[in-house]
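Engineer: Input structure: final.cif, which contains mmCIF, C-alpha atoms.
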```
data_structure
loop_
_atom_site.label_atom_id
_atom_site.label_comp_id
_atom_site.auth_asym_id
_atom_site.auth_seq_id
_atom_site.Cartn_x
_atom_site.Cartn_y
_atom_site.Cartn_z
CA MET A 1 47.70 32.37 -19.97
CA PRO A 2 46.41 31.21 -16.55
CA THR A 3 44.82 27.81 -16.34
CA LYS A 4 41.77 27.08 -14.26
CA LYS A 5 42.20 24.58 -11.54
CA THR A 6 39.24 22.27 -11.37
CA GLU A 7 38.33 20.39 -8.29
CA ALA A 8 37.16 16.81 -8.46
CA ILE A 9 33.87 16.36 -6.70
CA LYS A 10 33.45 13.02 -5.01
CA THR A 11 30.02 11.57 -4.72
CA VAL A 12 29.18 8.82 -2.33
CA GLN A 13 26.32 6.47 -3.03
CA PRO A 14 23.92 6.67 -0.05
CA ASP A 15 23.48 3.56 2.08
CA TRP A 16 19.91 2.77 1.04
CA SER A 17 19.70 -0.09 3.52
CA LYS A 18 19.29 2.52 6.26
CA THR A 19 16.53 4.47 4.52
CA LYS A 20 14.64 1.94 2.41
CA ALA A 21 12.38 -0.83 3.57
CA GLN A 22 13.69 -4.27 2.69
CA LEU A 23 10.72 -6.32 1.55
CA GLY A 24 10.09 -9.90 0.54
CA TRP A 25 7.38 -10.99 -1.88
CA ARG A 26 4.82 -10.86 0.96
CA GLU A 27 4.82 -8.67 4.05
CA TRP A 28 2.76 -7.75 7.10
CA VAL A 29 1.76 -4.08 6.88
CA GLY A 30 -0.41 -1.73 8.90
CA LEU A 31 -2.95 0.86 7.75
CA PRO A 32 -3.47 2.84 10.98
CA ASP A 33 -5.59 5.61 9.42
CA LEU A 34 -8.12 2.89 8.54
CA GLY A 35 -7.96 1.09 11.89
CA ILE A 36 -6.14 -1.91 10.37
CA GLU A 37 -3.26 -2.86 12.68
CA ARG A 38 -1.95 -5.54 10.36
CA ILE A 39 -2.85 -7.13 7.06
CA LYS A 40 -0.90 -9.49 4.82
CA ALA A 41 0.09 -7.80 1.56
CA LYS A 42 1.55 -9.24 -1.61
CA VAL A 43 4.41 -7.08 -2.85
CA ASP A 44 3.56 -6.71 -6.53
CA THR A 45 5.97 -4.74 -8.73
CA GLY A 46 3.79 -5.70 -11.71
CA ALA A 47 0.89 -3.67 -10.30
CA ARG A 48 1.17 0.09 -10.72
CA THR A 49 -1.34 0.94 -7.98
CA SER A 50 -1.81 -0.65 -4.58
CA CYS A 51 -5.22 -2.07 -3.83
CA LEU A 52 -7.12 -3.08 -0.73
CA HIS A 53 -9.88 -5.64 -0.40
CA ALA A 54 -13.23 -3.97 0.29
CA TYR A 55 -16.25 -6.24 0.17
CA ARG A 56 -18.77 -3.42 0.67
CA VAL A 57 -18.21 0.13 -0.58
CA GLU A 58 -20.49 3.12 0.11
CA PRO A 59 -19.40 6.45 -1.41
CA TYR A 60 -20.97 9.58 0.10
CA THR A 61 -20.48 13.34 0.31
CA GLU A 62 -19.95 15.23 3.56
CA ASN A 63 -19.54 19.03 3.66
CA GLY A 64 -18.83 19.02 -0.09
CA GLU A 65 -16.07 16.39 0.23
CA ARG A 66 -16.25 13.01 -1.50
CA ARG A 67 -15.73 10.21 1.00
CA VAL A 68 -16.14 6.46 1.10
CA ARG A 69 -17.15 4.07 3.85
CA PHE A 70 -16.03 0.50 3.26
CA TRP A 71 -15.66 -2.80 5.04
CA VAL A 72 -12.59 -5.03 4.98
CA HIS A 73 -12.03 -8.68 5.89
CA PRO A 74 -8.39 -8.20 7.01
CA VAL A 75 -7.68 -11.88 7.67
CA GLN A 76 -7.39 -14.35 4.82
CA ASN A 77 -10.08 -17.09 4.93
CA ASP A 78 -11.98 -15.30 7.73
CA LEU A 79 -15.23 -13.71 6.56
CA HIS A 80 -16.45 -13.15 10.13
CA HIS A 81 -13.84 -10.59 11.26
CA SER A 82 -14.63 -7.26 9.62
CA ILE A 83 -13.34 -3.69 9.98
CA GLU A 84 -15.38 -0.65 8.96
CA CYS A 85 -13.19 2.07 7.40
CA ASP A 86 -13.75 5.61 6.20
CA ALA A 87 -11.56 7.77 3.95
CA ARG A 88 -11.55 10.78 1.64
CA VAL A 89 -11.86 9.87 -2.05
CA LEU A 90 -8.91 11.21 -4.07
CA ASP A 91 -9.99 10.00 -7.48
CA GLU A 92 -11.84 7.39 -9.48
CA ARG A 93 -9.72 5.44 -11.98
CA THR A 94 -10.07 2.70 -14.53
CA VAL A 95 -7.76 -0.12 -13.45
CA SER A 96 -6.86 -3.26 -15.38
CA ASP A 97 -6.45 -6.40 -13.31
CA SER A 98 -3.91 -9.13 -14.10
CA GLY A 99 -6.42 -10.77 -16.45
CA GLY A 100 -6.84 -7.56 -18.45
CA HIS A 101 -10.35 -6.83 -17.13
CA LYS A 102 -11.03 -3.12 -16.65
CA GLU A 103 -12.83 -1.85 -13.56
CA GLU A 104 -13.68 1.62 -12.21
CA ARG A 105 -12.24 1.93 -8.70
CA LEU A 106 -12.26 4.59 -6.01
CA VAL A 107 -8.81 5.81 -4.95
CA ILE A 108 -7.98 6.81 -1.37
CA GLU A 109 -4.80 7.94 0.35
CA THR A 110 -3.75 6.38 3.64
CA THR A 111 -0.66 5.84 5.76
CA LEU A 112 1.20 2.59 5.16
CA VAL A 113 3.32 1.15 8.00
CA VAL A 114 6.00 -1.38 7.06
CA GLY A 115 8.14 -2.47 10.00
CA ASP A 116 9.15 0.79 11.68
CA LEU A 117 8.76 2.93 8.53
CA SER A 118 5.63 4.71 7.36
CA TRP A 119 4.59 6.88 4.43
CA PRO A 120 1.41 7.95 2.57
CA VAL A 121 0.20 5.74 -0.30
CA GLU A 122 -2.62 5.83 -2.82
CA MET A 123 -4.78 2.73 -2.85
CA THR A 124 -7.74 1.55 -4.90
CA LEU A 125 -10.64 -0.36 -3.36
CA THR A 126 -11.91 -3.61 -4.88
CA ASN A 127 -13.43 -6.89 -3.80
CA ARG A 128 -10.62 -9.44 -3.36
CA ASP A 129 -12.65 -12.12 -1.53
CA SER A 130 -11.64 -14.70 -4.14
CA MET A 131 -7.98 -13.66 -4.06
CA ARG A 132 -5.28 -15.06 -1.79
CA PHE A 133 -4.09 -11.66 -0.49
CA ARG A 134 -6.31 -8.93 0.93
CA MET A 135 -3.91 -6.26 -0.29
CA LEU A 136 -1.48 -5.68 -3.14
CA LEU A 137 1.40 -3.28 -2.56
CA GLY A 138 2.06 -1.78 -5.99
CA ARG A 139 5.25 -0.28 -7.40
CA THR A 140 4.15 3.36 -7.15
CA ALA A 141 3.80 3.01 -3.37
CA MET A 142 7.27 1.46 -3.12
CA ALA A 143 9.12 3.68 -5.59
CA GLY A 144 12.24 5.08 -3.94
CA ARG A 145 11.25 3.57 -0.59
CA ALA A 146 11.84 -0.17 -0.84
CA GLU A 147 14.23 -2.85 -2.02
CA ILE A 148 12.51 -6.08 -3.02
CA TYR A 149 13.94 -9.53 -2.39
CA PRO A 150 11.55 -11.88 -4.24
CA GLU A 151 12.98 -15.03 -2.66
CA ALA A 152 12.15 -13.83 0.88
CA SER A 153 9.01 -13.30 2.99
CA TYR A 154 8.20 -11.03 5.93
CA LEU A 155 11.57 -9.22 6.03
CA ALA A 156 10.05 -6.10 7.60
CA GLY A 157 8.54 -8.00 10.53
CA GLU A 158 5.33 -6.87 12.20
CA PRO A 159 4.24 -3.26 11.60
CA ALA A 160 5.17 -0.97 14.49
CA LEU A 161 2.08 0.20 16.33
CA ARG A 162 1.71 3.98 16.36
CA THR A 163 0.19 5.50 19.47
#
```
Please, can you express the file's structure as structure tokens?
Structural biologist:
Amino acid sequence: MPTKKTEAIKTVQPDWSKTKAQLGWREWVGLPDLGIERIKAKVDTGARTSCLHAYRVEPYTENGERRVRFWVHPVQNDLHHSIECDARVLDERTVSDSGGHKEERLVIETTLVVGDLSWPVEMTLTNRDSMRFRMLLGRTAMAGRAEIYPEASYLAGEPALRT
């Protein structure tokens, strides 16, 4: 009776360091679709969804599409510098903050730039004036795209400007 010859298949673990962003617990990121060249973000694996500080939010409808106009103070402790942003609304979700308080938030999609990498992320809008960071980068946005080194800061460097 003939025997089947089986071939061993070798698998090689990919070198993720060449494809994943290496991030510390805080990073400079860019949100070019929103006109934000750089903003300091806290890398927060405890937060499911990313969120962006918006101190004024005005939802509206244009040609049947839900949109939102909002204003951001991109620099910590600077309430004078403001950027007006506009985006399509993807969804409205109930989000629990770290204190367990529930809040309805608008969800947008925008391009995130970290170092020389970029990808689309979903982000909720909320007022973070009283918080230390203007943006939280949540685990869903980083899933499969980043390695986190909690003892480090600013590993990705400045976001690359896209022209």
Engineer: Show me, as a ChimeraX atom specification, the residues that have an atom within 12 Å of Ala41 (chain A) when counting all atoms listed in the file, minus same-chain residues fewer than 6 positions from it.
Structural biologist: /A:23-31,50-53,74-76,112-114,128,131-138,153-154,156,158-159
Engineer: For the provided coordinates, the residues matched by the PyMOL selection byres ((chain A and resi 71) around 12) should be stated as a ChimeraX atom specification.
Structural biologist: /A:34-36,52-59,68-70,72-74,79-87,125-129,134
Engineer: Pick out the closest residue to Arg67 (chain A) from this set: A:Arg48, A:Arg93, A:Ile108, A:Glu103. Count only C-alpha atoms.
Structural biologist: A:Ile108
Engineer: Would you give the centre and edge lengths, in Å to one decimal, of a box along x, y and z around the listed atoms of region 83-99 of chain A, with 5 Å added to each side, as lines of an AutoDock Vina configuration file?
Structural biologist:
```
center_x = -9.6
center_y = 0.2
center_z = -3.2
size_x = 21.5
size_y = 32.0
size_z = 36.4
```
Engineer: Grab the CA of Lys102 (chain A) to CA of Thr49 (chain A) distance for me, in Å with one decimal place.
Structural biologist: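 Distance reported for this atom pair: 13.6 Å.
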Engineer: Which residues match the PyMOL selection byres ((chain A and resi 109) around 10) in the file above, as a PyMOL selection string?
Structural biologist: chain A and resi 33+87-91+107-108+110-112+120-124
Engineer: Please compute the CA of Ala146 (chain A)-CA of Gly100 (chain A) distance, one decimal, in Å.
Structural biologist: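 One can read the CA of Ala146 (chain A) to CA of Gly100 (chain A) distance as 26.7 Å.
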Engineer: Can you work out the spacing between CA of Thr45 (chain A) and CA of Asn77 (chain A) in Å, to one decimal?
Structural biologist: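 Here the two named atoms are 24.4 Å from each other.
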Engineer: Could you check which of A:Gly157, A:Gly64, A:Gly99, A:Gly46 is closest to Leu117 (chain A), using only C-alpha atoms?
Structural biologist: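 Closest to Leu117 (chain A) of all the choices is A:Gly157.
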